[in-house]
Structure formats: C-alpha cells, structure tokens
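**Q** There's a structure below that I have some questions on.
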Amino acid sequence: MDTSRLAARIAFAAVLLSGLCSIATAQDAATEAETAGPPVESPLAKAPETAEEYFDATVFMLKLGKPQLAGYYLTSFLDMDPDDTTLLKLRDKYGTSTFLELVLVEEIETPATKLSARLQQAVRNHVSDPAFFPSLLKKLSGTGRSREEAIDELRYLGPYAIPPMLVEIQAPRDASPATLTYAMSRLGDDAVAPLMGALASPEERVRIAAIEVLGIVGGEDEAVWLQSFAFSETSSADEQSTARTALARIYYKKADRTDRLSGYGAATQVLTTAILHLTNRYEWDENEREDGLRSIWSWDATTKTVAEHLVSDQFASLFHAEQLARQATQLAPQREEPAVVLLVTLMARDQEQVGWSNQVPVGPGTAHDLAVSTGANYCLKALEFAREQGIVSAQLVTLQALALNGSADLLAPINGHDSEMIQALDSPEPRVQFAAARTILSWKPRKGFKGARRVVEIMARALHSEDTPSTVVIDPNSIRCSETAGLFEKVGFDGIQAQTGMDGFREAVGRGHVELAVLHPNTIRWELTDTVANFRKDARTARLPIVIYGPPELREKVRHLTSTYQHVAYVDESATTNDLQRQLRPFLAQVSPPPLTMEQRSAQIKEALYWIRRMAETGEGIFDLEPVETALSGTANNPEYAEDAIYGMSVIPTKSVQKRFFTIAVAPAVGNEIRQQAALQLAFHIQRFGNKLDNMELEQLAVVAKSEPEPLVRTALTTVVGSLNPTPQASRKELLSFPASTGPIEPAQATP
C-alpha cells in the first residue's frame, strides 16, 4: 500500500477515535452527574442530558431563585467540557451580559468565574475569523443595545480587543474614531497596558486616542507616561491639549482643571520612575499569571498596531526604563542626567539581551559604540551613576568604552577625591574590579598612581580562579563543618573549611573563585553579626552571597541579618541535596550577575596573565608584582599559561622566584618549552638581581646542563651557568673540556 495513503488512514482513524473519546467523555460526565443527582429536589420534569440543556437549567434555576441547584447544573455543564462552538452558541442565545451577571451571584461565583474564562478564550479563538471584527465594529456603530452587546463582547476579549481597534482608528471604515475611543474606555483596566504601548505609535491619531483613554481609565501610575506629551517641546498642539486634559482627569477628577497643571518637575518625575525601573525597585501590581511573566505591549511597525510580549518583571522594567529615560531627555534638553540615565539603560539592555555568559556586543548600532562616541567625560558620568545605583552591566560596558576613548589622565584625583576609575577598582563586584584594572592597563600608564597596587591584587585574585566555584564554610565544630562542606560539594561548590569568622573572611578574599559563604549561627571570632558585617564592609566581599545554615529554630534569631543586608539568607539544615538545592535555588537566582562560567574563568586567567606580563614590561616604579608571585608560581607549569606567568615572575626580585625557576628548569617531567622559558628567565633574573641559589642547587644545575638531551633546553641551562659569572679558573676548565676538532674545515662543495 502507498505509504502516504497509509499515513492518511492512520491520521483519520486517530481523529475519529479522538472524536469518539470526546463524545464518550461528555456522555460519561452527564451520566455521572445524573447518577450523583442534584443536592435538593429539582423542579425539572426531565433531567438535562446535553451541555446546552445543563446551561438552560442553570439559567432557569436562577430565575426561580434556586442558586444551589443553579450551581449544581453549572458545575455539571463545565464537567462536560463544552467546546468553543457550544459556548459561542449559548452566548448568542443568552447574550454576553448573562455570562457577566452569573459571576455576580455569590453562591455560584467559583464555577461562573471558570465559565467566564472559558468563554473569554473561546471568543479570542473566534477572533481569527476575518468576518468577526468587522461585524463587531458595525454593532458598535448601531443602536444603543447593539453597541452595548458589542462592548460586552469586547470586554470578553480584554486587552486583545485593543489591537484591531487601533488598526481601525488609522483608517476608519466600520466605526468612527470617537466610537472606538469610547469603546476602549469601557474596557477599563484591560485597556491600560496595550494603550501604553500605543503611545509609541508613529501615527499621531493613535497616540492621541491612547492618551485620551488613559486619562479616563488610568491612574497616577499611568500619569507619568503622559507628562512628556503634555509638556515636551516636541509634542504637537493636539497632543499637548489631550495630554493635559487627561492629566487633569487623573489628578483632579475634572477635565477642565488643566489650569492647575504645571510642567515644572515633570522631567524629574519621569526620570525618577525610569530609575526605579532601571534599578528593579519599581513596585509592580500583583501578577496573576501562574508562570510569573508580565504582559508588556509595544508598537509593531509591521502590523501597525500593538503586540504583546510576556517577559519577566526585570526585563519589563528595563524596557520601561528606556522609554521613560528617553521621554525625560526630551522634556529636559538642558539637563545632563536624563541622557546619562538613558545611556546607562541602553548599555544594561545590551548586556542583558545577550546574557551574562556572552560578551557585550560591539560595533555600529550598539550601546558600546554609542558610549565610545559620547567621549570619556560622558562615560565617566555614566560610570558614576551606574556605580551609585549598583548597575553592574552598565559599569562593565562603560569601562570597556573608556579603554578606547580614555587615557591615564583619568586616574588623577578630582577635587581631592579619588577618580571614578580608582573607585571602580574597589567595586563590590569582582567583574567590575577586573574590568577597571584591565582598562587602566590598556592606557599604559607611565608613572605611578594611587591604585597601582590594587590593580596587581585584582589580577592576582583572578589567577586564583578555578573551574569549580567554591564556598567558604565557617563553623567552629570541625566535624559539622566538614559535613556541611561535603553537602555543598554535592550541589556544585568545592568546600573551603574555616573554624572562625576571621579565617573564613581571609579565605574568601584570598581566592578568586569563592561564590558563596556559608556561616553557622554559632560562628566565633568574629561572631555571626560581626562576620556578616565585615564581609559586607570589604569591597572584595560586599556582594558575596551569604547563607546562614542552621536548625530551623534559630531562623528568627538571625532575621535582623537577612533583612538588613542584601544577598543574605537563612537555609535550614538539610539531610538531602535535593532539599538543599530547593532552598538555595531561589536565593541564588536573585544574585545578579550570576557567577562566571568555567569558560569565562579560563578566559579571565589568560587575560590576567597577559596584563601581568604587560605590567612587567612597563619597568620598575609603577607596578610592584610581589603580591602576584604566589598566583603566578601556581600557574607557571601549566602549558596554557606558562609563558606569561614565567615572564611576569621575572621582574619580582625574590629568592623564591629564582628557586621556582630552578625547580621548573631541572624537572624532567615538565614540558621542554616550559623548562626552556624558565631557564632563560632564571638567567635573566640572576643577571638583574644577583644569584640567590645555594651551592647544592648550582651544582645540580651544572650537572643537568651537561646531561640534558634536548638541545634548546640544554642551551637555556647553559645560559644560566654563564649568567653566574664563573671564575677564570672555572672558565678555563670549561674551555679545555670542550671537544677538540678532529681536522681542518674542508671547503664547501660547490653545487653542480
């Protein structure tokens, strides 16, 4: 049999079976309802059998004043799961108003609300019919009764009734703009979100209609969106008039009180709201969606109306922050702050859009290039604002832009205070610290500056970073501490154990990969409160998430810490990793930005080594690299990092550096390229800072140099021997030990 025909038969059989199952389900539901029977004796001579009959019975019982029986029949109706066709047929039979009135009956409110939602969805599904909306618009322009029926249907559509009406306003055919504006105003709160999106329409008639309706159905939260239309110099006369009337309605409940309005402070009000959104401090209305997403509407140039987007509150706020900052910039063209906030918002948007696991986009049309074009002074103002508001994403983009349009002159103090760049080195966020250090080094400073040592510390800390994030577990009970560390290891954190708060703090600041601190409520030296306070005071740990991990009964005793400090939470002791993860997940999800990925850690180590090498090349007097010696030593035998690590160590004038070079150079298990580099830098180090090796090490070096089979490594080791400035006697002995020629040099054979 033809394969396509077989597939078609199978598909048909599946549809048929599905239909039979639906019929059976409906019949089963009716049978079950009939079997259960009504709660009280019913006046009906015959029990309902179909879905329509159950709904007819519901309406009839309400007319008889029997809400208990009405609830029974309505619940039975819903149990039969009527399809869209049945629901729309009943709506046409009884009118939309009947369904709205059912919700008002207290005794049947729950099933009636469920029915209302089902009918609303059925109407939405029906909107796809091309003939639906034109007929509805014609009813809007009809008699008073037909208009009310049309408005009832629009109310069932909710916010989804707005987009087609905005299309109609631009080219009226079946209803006048005044009729459409009135209909939108009858939708109440449902009209607010789509009409806020319509404010960005390029069509003035759409903007004016949206402003007018928002003045009727909106409140003070929406008034801020009308300020720029009412008082901006770029608004048309009609927009200004409509917006001021709308504001008078909202503020004074009278459309004719526009004389009480003033543009003074409008820009500040708009900008303040923009900043609340940008910093995620805006208080959204309670969200009824189960998925937690929020419905945001924007203008769609393709469909020429508004379109819905379901996004998190964070992304919704970021979108509104950009819109409002742009309005504030238009309202106050002489003020610098609104434009700075707009730039910061655009930079934050670009970083959030690509995600924290990716680099911020650069090139034409990006916020990064926009920041570069505004110049260093403007970028410094953006950096200051982003620092004050704790907007990490914008700080990172700004620092990257400053690497291109700034210079070492920006390191100088300003009016007796540290420059923004020096302050960035002490940011609570390690990402910002590293970005600031990288930008400063890219400027190639030629003289010392206040933050030079801090730059070295930041690079050293980056080298301590490892692939797996760690947690510092602080608990005076060593057994319990070990058990806790083991449990956190199972959920992805390498455990670093400390018995006191002071020791735990030292571990946290000394490593580059600590992403969490876990404190027992009985933390000692420092006690719990002091330990948390000290973690928050130090720039290196100010944003480190802290978990107080203990028995449930101690939770209330430390509530003052979880409410006072950001990123501090109490987690009950857990017997399983699943329970621990369940408690940790929502807490860690609030921490932004997220921890570095393994790939980002590796890239940061490479970059830190690159910049350390550049620091070593700048010469003495600017960067003291001794604080980074331990970190460099730990990476010097890794082929991926060796060259830069060994070169960076070469300018550190310590005995331990020479011994480290010696150990690498003579170790047969180390790769030849690394041994060669270590030997060459050992020779350089001896020449520059003098010999710091002992006699035993020197003797071993000479032996290895003579017996080394690899030519390049042997030459490098011989260079070390030569750098020791041997005595004339030793040199004479070395010369005589060199093999004598076995004969004269013969002329080279000419090439035929």
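Identifiers in the structure tokens: chain A, B, ... in order shown; residue index from 1 per chain; ligand index from 1 in order shown.
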Can you pull out every residue within 12 Å of A:Thr86, counting only C-alpha atoms, but drop anything in the same chain fewer than 4 positions away, and send it as JSON, numbers by chain?
**A** {"A": [50, 51, 52, 53, 54, 55, 77, 78, 80, 81, 82, 90, 91, 92, 93, 118, 119, 122, 123]}
**Q** Could you name the residues that touch A:Val432 at 12 Å or less, counting only C-alpha atoms, but leaving out those on the same chain fewer than 5 positions away, as a VMD selection string?
**A** chain A and resid 383 386 to 387 390 to 400 420 to 427 437 to 439 455 458 539 to 540 543 593
**Q** Can you list, as a ChimeraX atom specification, every protein, DNA or RNA residue that comes within 7 Å of stretch 623-628 of chain A when you count only C-alpha atoms, leaving out same-chain residues fewer than 4 positions away?
**A** /A:452-453,456-457,460,615,632,652
**Q** Give the alpha helix (DSSP H) residues of stretch 272-463 of chain A, as DSSP finds them on the backbone, and put them as a ChimeraX atom specification.
**A** /A:272-278,313-331,337-354,367-374,376-389,392-405,420-424,430-442,452-463
**Q** Using only C-alpha atoms, find the one residue out of A:Glu153, A:Tyr565, A:Glu515, A:Asp221 that sits nearest to A:Tyr251.
**A**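 Between A:Glu153, A:Tyr565, A:Glu515, A:Asp221, the residue approaching A:Tyr251 most closely is A:Asp221.
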**Q** Each residue of stretch 182-301 of chain A lying at most 10 Å from stretch 344-349 of chain A should get a row with its shortest atom-to-atom pair and the distance in Å to one decimal, counting only C-alpha atoms; could you produce that, ordered by chain and increasing number, as a tab-separated table?
**A**
residue	atom	partner	partner_atom	distance
A:Ala274	CA	A:Thr345	CA	9.2
A:Ile275	CA	A:Thr345	CA	9.1
A:His277	CA	A:Thr345	CA	9.9
A:Leu278	CA	A:Thr345	CA	6.8
A:Thr279	CA	A:Thr345	CA	9.8
**Q** Which is closest to A:Asp503 among A:Thr635, A:Ser723, A:Ser373, A:Thr531, if we use only C-alpha atoms?
**A**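 The shortest atom-to-atom distance to A:Asp503 comes from A:Thr531.
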**Q** Which one is closest to A:Phe132: A:Leu736, A:Leu293, A:Ala150, A:Ala436? Count only C-alpha atoms.
**A**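 When distances to A:Phe132 are compared using only C-alpha atoms, the smallest one comes from A:Ala150.
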**Q** I want to know what sits within 8 Å of A:Pro521, based on only C-alpha atoms, with residues of the same chain fewer than 2 positions away left out; could you give that as a VMD selection string?
**A** chain A and resid 519 523 528 548 to 550 554 558
**Q** Just want the 12 Å neighbourhood of A:Leu64, counted on only C-alpha atoms, with same-chain residues fewer than 5 positions away dropped. Output as number ranges by chain.
**A** A: 42-44, 57-59, 69-70
**Q** So which one's closest to A:Lys304, A:Ala533, A:Leu404, A:Ala498, A:Ile169? Using only C-alpha atoms, please.
**A** A:Ile169
**Q** Could you list, as a PyMOL selection string, every residue within 9 Å of A:Gly406, counting only C-alpha atoms and ignoring same-chain residues fewer than 4 positions away?
**A** chain A and resi 375-377+379+401-402+410+439+443
**Q** If we count only C-alpha atoms, what is near A:Leu140 at a cut-off of 8 Å, once residues fewer than 4 positions away on the same chain are taken out, given as number ranges by chain?
**A** A: 136, 146-148, 150-151, 175, 179, 183
**Q** Print the selection's residues with C-alpha atoms to a file, as a PDB file, in the first residue's frame.
**A**
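The resulting file, again12.pdb, is shown below:
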ATOM      1  CA  LEU A 136     -18.424  43.686  15.861  1.00  0.00           C
ATOM      2  CA  SER A 146     -26.259  46.554  19.802  1.00  0.00           C
ATOM      3  CA  ARG A 147     -23.455  48.833  20.926  1.00  0.00           C
ATOM      4  CA  GLU A 148     -23.693  47.510  24.476  1.00  0.00           C
ATOM      5  CA  ALA A 150     -20.563  44.709  21.153  1.00  0.00           C
ATOM      6  CA  ILE A 151     -18.884  46.250  24.193  1.00  0.00           C
ATOM      7  CA  ALA A 175     -16.729  52.704  13.211  1.00  0.00           C
ATOM      8  CA  THR A 179     -16.898  55.433  18.827  1.00  0.00           C
ATOM      9  CA  ALA A 183     -15.426  51.543  23.363  1.00  0.00           C
TER      10      ALA A 183
END
